[in-house]
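J.: For reference, this is work_39.cif, and it has mmCIF, C-alpha atoms.
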```
data_input
loop_
_atom_site.label_atom_id
_atom_site.label_comp_id
_atom_site.auth_asym_id
_atom_site.auth_seq_id
_atom_site.Cartn_x
_atom_site.Cartn_y
_atom_site.Cartn_z
CA MET G 20 -7.42 -2.69 -5.45
CA ILE G 21 -9.77 0.27 -4.93
CA ARG G 22 -8.52 3.66 -6.08
CA ALA G 23 -10.23 7.04 -6.00
CA SER G 24 -9.53 10.35 -7.67
CA ILE G 25 -11.14 13.79 -7.56
CA ASP G 26 -10.68 16.30 -10.37
CA ILE G 27 -11.29 19.90 -9.29
CA GLY G 28 -11.71 21.80 -12.53
CA SER G 29 -12.65 25.33 -13.47
CA ASN G 30 -16.32 24.46 -13.81
CA SER G 31 -16.90 21.08 -12.20
CA CYS G 32 -15.69 18.81 -9.42
CA LEU G 33 -15.57 15.12 -10.36
CA LEU G 34 -15.27 11.96 -8.29
CA LEU G 35 -14.14 8.59 -9.62
CA VAL G 36 -13.79 5.28 -7.75
CA LEU G 37 -12.21 2.38 -9.63
CA GLU G 38 -11.56 -1.26 -8.89
CA VAL G 39 -8.21 -1.91 -10.57
CA GLU G 40 -6.92 -5.41 -11.33
CA GLY G 41 -3.74 -5.53 -13.41
CA HIS G 42 -4.44 -3.80 -16.72
CA SER G 43 -8.22 -3.91 -16.34
CA PHE G 44 -10.55 -1.76 -14.25
CA LYS G 45 -14.18 -1.38 -13.29
CA THR G 46 -15.90 1.93 -12.52
CA LEU G 47 -17.60 1.76 -9.12
CA GLU G 48 -18.56 5.42 -8.70
CA SER G 49 -18.62 8.39 -11.08
CA HIS G 50 -20.06 11.72 -9.96
CA SER G 51 -20.00 15.32 -11.17
CA ARG G 52 -20.93 18.60 -9.48
CA ILE G 53 -20.88 22.06 -11.08
CA THR G 54 -19.01 24.46 -8.78
CA SER G 55 -17.85 27.22 -11.22
CA LEU G 56 -14.46 27.93 -9.68
CA GLY G 57 -13.42 29.75 -12.85
CA LYS G 58 -16.32 32.23 -12.76
CA ASN G 59 -15.08 35.85 -13.12
CA LEU G 60 -11.52 34.61 -12.66
CA ASP G 61 -10.03 36.91 -15.31
CA ILE G 62 -11.54 39.93 -13.55
CA ASN G 63 -10.92 39.05 -9.92
CA LYS G 64 -7.85 36.80 -10.20
CA LYS G 65 -9.36 34.88 -7.31
CA PHE G 66 -12.10 32.38 -6.52
CA LEU G 67 -15.55 33.69 -5.64
CA LYS G 68 -16.60 32.69 -2.13
CA GLU G 69 -19.72 30.93 -3.38
CA SER G 70 -17.61 28.83 -5.76
CA VAL G 71 -15.23 27.80 -2.97
CA ASP G 72 -18.19 26.92 -0.75
CA ALA G 73 -19.80 24.88 -3.55
CA THR G 74 -16.54 22.98 -4.11
CA LEU G 75 -16.07 22.24 -0.42
CA ASN G 76 -19.68 21.02 -0.21
CA ALA G 77 -19.05 18.71 -3.17
CA LEU G 78 -15.90 17.39 -1.49
CA ARG G 79 -17.81 16.72 1.75
CA ASP G 80 -20.43 14.75 -0.16
CA TYR G 81 -17.70 12.81 -1.94
CA CYS G 82 -16.10 11.94 1.39
CA GLU G 83 -19.44 10.45 2.44
CA ILE G 84 -19.49 8.31 -0.69
CA LEU G 85 -15.87 7.26 -0.14
CA SER G 86 -16.69 6.13 3.40
CA ASN G 87 -18.42 3.13 1.81
CA TYR G 88 -15.08 1.90 0.48
CA LYS G 89 -11.89 0.73 2.17
CA ILE G 90 -9.82 3.73 1.18
CA ASN G 91 -8.15 6.30 3.40
CA LEU G 92 -9.03 9.88 2.49
CA PRO G 93 -5.34 10.96 2.40
CA ASP G 94 -4.87 8.30 -0.31
CA VAL G 95 -7.47 9.87 -2.60
CA ILE G 96 -5.67 11.59 -5.50
CA VAL G 97 -7.12 15.11 -5.70
CA THR G 98 -5.98 17.28 -8.59
CA ALA G 99 -6.75 20.90 -9.44
CA THR G 100 -6.21 22.53 -12.81
CA GLU G 101 -6.22 25.93 -14.55
CA ALA G 102 -8.48 27.92 -12.21
CA SER G 103 -6.46 26.78 -9.21
CA ARG G 104 -3.22 27.63 -11.00
CA VAL G 105 -4.46 31.20 -11.53
CA ALA G 106 -6.41 32.03 -8.35
CA SER G 107 -4.50 34.04 -5.76
CA ASN G 108 -6.69 32.65 -2.95
CA PHE G 109 -6.23 28.95 -3.76
CA ASN G 110 -5.46 28.29 -0.07
CA GLU G 111 -9.02 29.28 0.84
CA LEU G 112 -9.97 26.02 -0.86
CA ALA G 113 -6.91 23.88 -0.16
CA ASP G 114 -6.56 24.57 3.57
CA PRO G 115 -10.08 23.58 4.70
CA ALA G 116 -10.06 20.61 2.31
CA LYS G 117 -6.95 19.32 4.07
CA ASP G 118 -7.69 20.43 7.64
CA SER G 119 -11.39 19.54 7.79
CA LEU G 120 -11.71 16.73 5.26
CA GLY G 121 -8.25 15.19 5.08
CA LEU G 122 -7.97 15.74 1.30
CA LYS G 123 -4.70 17.08 -0.11
CA ILE G 124 -5.30 19.06 -3.29
CA GLN G 125 -2.44 18.98 -5.76
CA ARG G 126 -2.26 21.73 -8.36
CA ILE G 127 -0.92 20.14 -11.53
CA SER G 128 0.70 21.89 -14.47
CA GLY G 129 -0.83 22.20 -17.92
CA GLU G 130 1.67 19.56 -19.03
CA GLY G 131 0.47 17.23 -16.27
CA GLU G 132 -3.16 17.87 -17.13
CA ALA G 133 -2.45 16.92 -20.74
CA TYR G 134 -0.50 13.79 -19.75
CA TYR G 135 -3.10 12.32 -17.41
CA THR G 136 -6.02 13.30 -19.64
CA ALA G 137 -4.34 11.54 -22.55
CA LEU G 138 -3.55 8.51 -20.39
CA GLY G 139 -7.18 8.20 -19.34
CA VAL G 140 -8.52 8.65 -22.87
CA ALA G 141 -6.04 6.14 -24.28
CA LYS G 142 -7.42 3.45 -21.97
CA GLY G 143 -10.87 3.83 -23.52
CA VAL G 144 -10.03 4.19 -27.21
CA HIS G 145 -10.94 1.26 -29.45
CA GLY G 146 -10.42 0.70 -33.14
CA ASN G 147 -7.39 0.74 -35.40
CA SER G 148 -6.16 4.29 -34.86
CA SER G 149 -2.51 4.56 -33.87
CA LEU G 150 -2.63 8.36 -33.48
CA ILE G 151 -5.37 10.51 -31.95
CA THR G 152 -5.83 14.18 -31.17
CA ILE G 153 -7.66 15.01 -27.94
CA MET G 154 -9.56 18.20 -27.14
CA ASP G 155 -10.32 18.89 -23.48
CA ILE G 156 -12.52 21.97 -23.00
CA GLY G 157 -12.53 22.84 -19.33
CA GLY G 158 -13.92 25.89 -17.59
CA ALA G 159 -10.84 28.11 -17.93
CA SER G 160 -8.58 26.30 -20.40
CA THR G 161 -8.66 23.99 -23.40
CA GLU G 162 -6.00 21.36 -23.95
CA LEU G 163 -5.12 19.94 -27.36
CA ILE G 164 -3.02 16.77 -27.28
CA ASN G 165 -1.54 14.56 -30.00
CA VAL G 166 -1.08 11.01 -28.72
CA GLU G 167 0.61 7.90 -30.13
CA LEU G 168 -1.46 5.05 -28.70
CA LYS G 169 0.72 1.99 -29.28
CA ASP G 170 3.50 2.97 -26.88
CA PHE G 171 1.51 5.80 -25.25
CA LYS G 172 3.55 8.82 -26.14
CA ILE G 173 2.42 12.45 -26.18
CA LEU G 174 3.74 13.95 -29.39
CA ASN G 175 2.45 17.51 -28.92
CA SER G 176 0.30 19.31 -26.37
CA ILE G 177 -0.83 22.87 -25.83
CA SER G 178 -2.99 24.62 -23.25
CA LEU G 179 -5.13 27.47 -24.52
CA PRO G 180 -6.37 30.05 -21.98
CA VAL G 181 -10.04 29.68 -22.90
CA GLY G 182 -12.77 27.39 -21.61
CA SER G 183 -16.54 27.36 -21.20
CA VAL G 184 -16.65 29.66 -18.15
CA ARG G 185 -14.04 32.11 -19.47
CA ALA G 186 -15.82 32.20 -22.83
CA THR G 187 -19.14 32.91 -21.09
CA ASP G 188 -17.56 35.81 -19.22
CA TRP G 189 -16.02 37.15 -22.44
CA LEU G 190 -19.37 36.94 -24.25
CA ALA G 191 -20.99 38.97 -21.47
CA GLU G 192 -18.22 41.57 -21.81
CA GLY G 193 -18.41 41.61 -25.62
CA ARG G 194 -14.79 40.42 -25.90
CA PHE G 195 -15.13 36.84 -27.11
CA LYS G 196 -14.20 37.30 -30.79
CA ASP G 197 -11.25 39.56 -29.97
CA LYS G 198 -9.95 37.19 -27.29
CA MET G 199 -10.18 34.18 -29.63
CA LEU G 200 -8.31 36.10 -32.33
CA GLU G 201 -5.58 36.89 -29.79
CA ILE G 202 -5.31 33.21 -28.88
CA PHE G 203 -5.10 32.03 -32.48
CA LYS G 204 -2.38 34.62 -33.16
CA GLU G 205 -0.39 33.70 -30.05
CA PHE G 206 -0.56 29.89 -30.33
CA ASP G 207 0.57 27.82 -33.30
CA LEU G 208 -2.03 25.05 -33.68
CA GLU G 209 -0.86 23.64 -37.02
CA ASN G 210 0.12 20.27 -35.47
CA PHE G 211 -3.44 19.72 -34.24
CA SER G 212 -5.25 19.99 -37.56
CA VAL G 213 -6.92 16.59 -38.10
CA ASP G 214 -10.19 15.23 -39.46
CA LYS G 215 -11.50 14.07 -36.07
CA LEU G 216 -11.02 15.19 -32.48
CA VAL G 217 -11.50 12.87 -29.49
CA CYS G 218 -13.26 15.11 -26.97
CA VAL G 219 -13.45 14.86 -23.18
CA ALA G 220 -14.96 16.90 -20.35
CA GLY G 221 -18.38 18.32 -19.57
CA THR G 222 -19.04 20.69 -22.46
CA MET G 223 -18.60 18.06 -25.16
CA THR G 224 -20.15 15.16 -23.26
CA THR G 225 -23.21 17.31 -22.49
CA LEU G 226 -23.50 18.37 -26.14
CA ALA G 227 -23.32 14.72 -27.19
CA ALA G 228 -26.09 13.81 -24.74
CA LEU G 229 -28.17 16.76 -25.93
CA LEU G 230 -27.71 15.78 -29.59
CA SER G 231 -28.76 12.20 -28.90
CA GLY G 232 -31.96 13.37 -27.17
CA MET G 233 -31.13 11.89 -23.78
CA LYS G 234 -33.45 12.82 -20.92
CA LYS G 235 -30.95 11.63 -18.33
CA PHE G 236 -27.19 11.61 -18.78
CA ASP G 237 -25.83 8.11 -19.40
CA GLU G 238 -22.03 7.99 -19.36
CA ASN G 239 -21.88 4.60 -21.07
CA LYS G 240 -24.08 5.70 -23.98
CA VAL G 241 -22.20 8.96 -24.48
CA HIS G 242 -18.79 7.25 -24.56
CA GLU G 243 -17.57 6.84 -28.18
CA GLN G 244 -20.54 8.78 -29.59
CA VAL G 245 -19.68 10.60 -32.83
CA PHE G 246 -21.14 13.84 -34.20
CA PHE G 247 -20.19 16.30 -36.92
CA LYS G 248 -19.43 19.99 -37.41
CA ASP G 249 -22.89 20.65 -38.84
CA ASP G 250 -24.46 19.08 -35.74
CA LEU G 251 -22.47 21.46 -33.56
CA GLU G 252 -23.46 24.49 -35.64
CA ASN G 253 -27.14 23.49 -35.46
CA ILE G 254 -26.96 23.28 -31.67
CA LEU G 255 -25.24 26.67 -31.49
CA THR G 256 -28.10 28.18 -33.48
CA LYS G 257 -30.61 26.77 -30.98
CA LEU G 258 -28.62 28.01 -27.96
CA LYS G 259 -27.72 31.46 -29.27
CA GLU G 260 -29.22 34.45 -27.47
CA ARG G 261 -31.06 32.28 -24.97
CA THR G 262 -30.74 32.79 -21.25
CA SER G 263 -29.51 29.93 -19.08
CA THR G 264 -33.09 29.56 -17.78
CA GLU G 265 -34.44 29.22 -21.31
CA ILE G 266 -31.71 26.71 -22.21
CA LEU G 267 -32.48 24.67 -19.12
CA GLU G 268 -36.21 24.66 -19.88
CA GLU G 269 -35.70 23.31 -23.41
CA PHE G 270 -32.65 21.15 -22.71
CA PRO G 271 -32.89 20.04 -19.05
CA ILE G 272 -30.03 17.60 -19.51
CA CYS G 273 -27.68 20.61 -19.44
CA GLY G 274 -28.38 20.98 -15.71
CA LYS G 275 -26.04 23.47 -14.06
CA ARG G 276 -23.99 23.66 -17.24
CA ALA G 277 -26.83 25.66 -18.81
CA PHE G 278 -25.09 28.94 -17.95
CA SER G 279 -21.86 28.00 -19.78
CA ILE G 280 -22.86 25.43 -22.41
CA TYR G 281 -23.19 28.00 -25.20
CA GLY G 282 -19.79 29.49 -24.39
CA GLY G 283 -18.19 26.04 -24.34
CA ALA G 284 -19.86 25.02 -27.60
CA LEU G 285 -18.69 28.25 -29.21
CA VAL G 286 -15.10 27.50 -28.15
CA ALA G 287 -15.40 24.06 -29.81
CA SER G 288 -16.82 25.65 -32.95
CA GLU G 289 -14.09 28.30 -33.21
CA ILE G 290 -11.32 25.72 -32.74
CA ALA G 291 -12.96 23.38 -35.26
CA LYS G 292 -13.14 26.17 -37.85
CA HIS G 293 -9.55 27.22 -37.20
CA LEU G 294 -8.27 23.65 -37.58
CA ASN G 295 -10.76 22.55 -40.25
CA ILE G 296 -12.16 19.78 -38.03
CA SER G 297 -15.20 17.96 -39.38
CA GLN G 298 -15.88 15.23 -36.80
CA PHE G 299 -15.94 14.78 -33.02
CA GLU G 300 -15.78 11.56 -31.00
CA ILE G 301 -16.63 11.60 -27.29
CA SER G 302 -14.66 9.96 -24.51
CA THR G 303 -15.97 9.97 -20.95
CA TYR G 304 -12.49 9.06 -19.70
CA GLY G 305 -9.91 11.72 -18.98
CA LEU G 306 -7.84 13.29 -16.20
CA ARG G 307 -9.52 11.56 -13.27
CA TYR G 308 -9.13 8.17 -14.99
CA GLY G 309 -5.51 8.87 -15.84
CA VAL G 310 -4.44 9.70 -12.29
CA ALA G 311 -6.52 6.90 -10.75
CA LEU G 312 -5.03 4.29 -13.06
CA GLU G 313 -1.52 5.65 -12.53
CA GLY G 314 -2.11 5.67 -8.79
CA ARG G 315 -0.19 8.91 -8.23
CA VAL G 316 0.78 12.28 -9.66
CA ASP G 317 4.35 12.46 -10.84
CA GLU G 318 6.34 15.16 -9.03
CA ARG G 319 7.39 16.78 -12.31
CA PHE G 320 3.77 17.81 -12.88
CA ILE G 321 3.24 19.53 -9.52
#
```
What does the file become when written as structure tokens?
T.:
Amino acid sequence: MIRASIDIGSNSCLLLVLEVEGHSFKTLESHSRITSLGKNLDINKKFLKESVDATLNALRDYCEILSNYKINLPDVIVTATEASRVASNFNELADPAKDSLGLKIQRISGEGEAYYTALGVAKGVHGNSSLITIMDIGGASTELINVELKDFKILNSISLPVGSVRATDWLAEGRFKDKMLEIFKEFDLENFSVDKLVCVAGTMTTLAALLSGMKKFDENKVHEQVFFKDDLENILTKLKERTSTEILEEFPICGKRAFSIYGGALVASEIAKHLNISQFEISTYGLRYGVALEGRVDERFI
């Protein structure tokens, strides 16, 4: 059976096509486009027109890719997360996606985002661990999730209102440190203090590729890569006070994430310090895998 999912996040728009047979699956297509829906969201409380246009263009391209497979566009599971939960003009994206492309975008709750991210990650975790803690740094939010793997049960989850794009905006406004202090005062993160975090999403996968010296992003090589707190701090030193153009020139693998990679890495660093995390393991699975493997979005998460 062929299944497809699209994850419309606060920074990127992701396409996944899977061939699913029983409990096994094969990835047929995996694509990512930076669309920056979360840019200036805290100021405007709405999507920028250029971000909506970029997302719709990505969706059109994905529809072209999907035309090569026997799947009806209304059957594609399209989810939208924090930026779409916040934006007052969400319909400026949802209406043309449905009317022109035949794609129904479902805004899912933070709880749903955590559930399907954890489900996707759990499918790709190997080893003897029975419990893992996941960190998902998006564009506008960061999810922390404690998961029992054996029977797949989410023990704790929390959604923090900070991500790579929001952090980048706060840095430009000189508010990053104050905003992070507010978050750490408001949210109790004691349950998420572990030695190692399993990390998903573009900030951490890009950092892993950068640390390994990749010239071209290879999802298979990044998956299950491990790096340490000192590695993250060394990268932050190299990225600090550089423009996105300068970052892109030295680290071309960052691509369109060059404008927000420092902000995202700083979020990871601040959370790691707060929780005394020393090690990070990368998973390239996540929300889009979770919903594709489940084959639907449960109504309680919409």
J.: What residues have an atom no more than 8 Å from (1.4, 16.4, -4.5) in the file's own frame, counting all atoms listed in the file, and can you write them as number ranges by chain?
T.: G: 123-126, 316, 318, 321
J.: For a cut-off of 8 Å around (-11.0, 25.9, -14.5), file coordinates, pick out all residues using only C-alpha atoms and list them as a list in words.
T.: Ile27, Gly28, Ser29, Asn30, Ser31, Ser55, Leu56, Gly57, Thr100, Glu101, Ala102, Ser103, Gly157, Gly158, Ala159, Ser160, Gly182 and Val184 of chain G
J.: Evaluated on this file, the PyMOL selection byres ((chain G and resi 299-301) around 8) picks out some residues - which ones are they, written as a PyMOL selection string?
T.: chain G and resi 215-219+223-224+227+241-248+297-298+302-303
J.: Could you state which residues are captured by the PyMOL selection byres ((chain G and resi 212) around 7) in this file, as a PyMOL selection string?
T.: chain G and resi 209-211+213+294-296
J.: So, with all atoms listed in the file as the atoms that count, which of G:Leu150, G:Met20, G:Asn165, G:Leu92 lies closest to Leu208 (chain G)?
T.: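 Closest residue, counting all atoms listed in the file: G:Asn165.
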J.: So which residues get picked by the PyMOL selection byres ((chain G and resi 199-205) around 10) here, written as a list in words?
T.: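 Applied to this file, the PyMOL selection byres ((chain G and resi 199-205) around 10) selects Leu179, Pro180, Val181, Ala186, Trp189, Arg194, Phe195, Lys196, Asp197, Lys198, Phe206, Asp207, Leu208, Val286, Glu289, Ile290 and His293 of chain G.
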J.: Using all atoms listed in the file for the distances, tell me which of G:Thr152, G:Ser183, G:Thr264, G:Ser231 is nearest to Ala284 (chain G).
T.: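 Ranked by minimum distance to Ala284 (chain G), first place goes to G:Ser183.
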J.: May I ask for the distance between CA of Met233 (chain G) and CA of Tyr135 (chain G), given in Å to one decimal place?
T.: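 Pair CA of Met233 (chain G) / CA of Tyr135 (chain G) returns 28.7 Å.
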J.: Select, from G:Leu174, G:Ile127, G:Leu67, G:Ile156, the residue with the minimum atom-to-atom distance to Asp317 (chain G), counting all atoms listed in the file.
T.: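 Closest candidate: G:Ile127.
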J.: As an MDAnalysis selection string, please: the residues near Ser149 (chain G) (cut-off 12 Å, all atoms listed in the file, same-chain neighbours under 2 positions excluded).
T.: chainID G and resid 141 144:147 151:152 165:172
J.: Quick one: distance from CA of Asn87 (chain G) to CA of Glu132 (chain G) in Å, one decimal?
T.: 28.4 Å
J.: Taking 6 positions as the minimum chain separation for residues in the same chain, which residues sit within 6 Å of Leu37 (chain G) when counting all atoms listed in the file? Answer as a list of chain:residue names.
T.: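 Near Leu37 (chain G), the qualifying residues are G:Ile21, G:Arg22, G:Lys45, G:Thr46, G:Leu47.
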J.: Quick one: of G:Gly232, G:Pro271, G:Gly139, G:Gly283, who's nearest to Leu35 (chain G), counting all atoms listed in the file?
T.: G:Gly139
J.: Could you please determine the separation between CA of Gly221 (chain G) and CA of Ala137 (chain G) in Å, to one decimal place?
T.: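 Between these atoms lies a distance of 15.9 Å.
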J.: Between G:Glu265, G:Asp237, G:Glu192, G:Glu48, single out the one closest to Ile25 (chain G), counting all atoms listed in the file.
T.: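 Smallest separation from Ile25 (chain G) among the options: G:Glu48.
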J.: With all atoms listed in the file as the basis for distance, which of G:Ile84, G:Ile53, G:Val71, G:Ile173 is at the shortest distance from Phe278 (chain G)?
T.: G:Ile53
J.: Applying 12 Å and only C-alpha atoms, which residues near His42 (chain G) remain after dropping the ones on its own chain fewer than 4 positions away? List them as a ChimeraX atom specification.
T.: /G:20,38,142,312-313
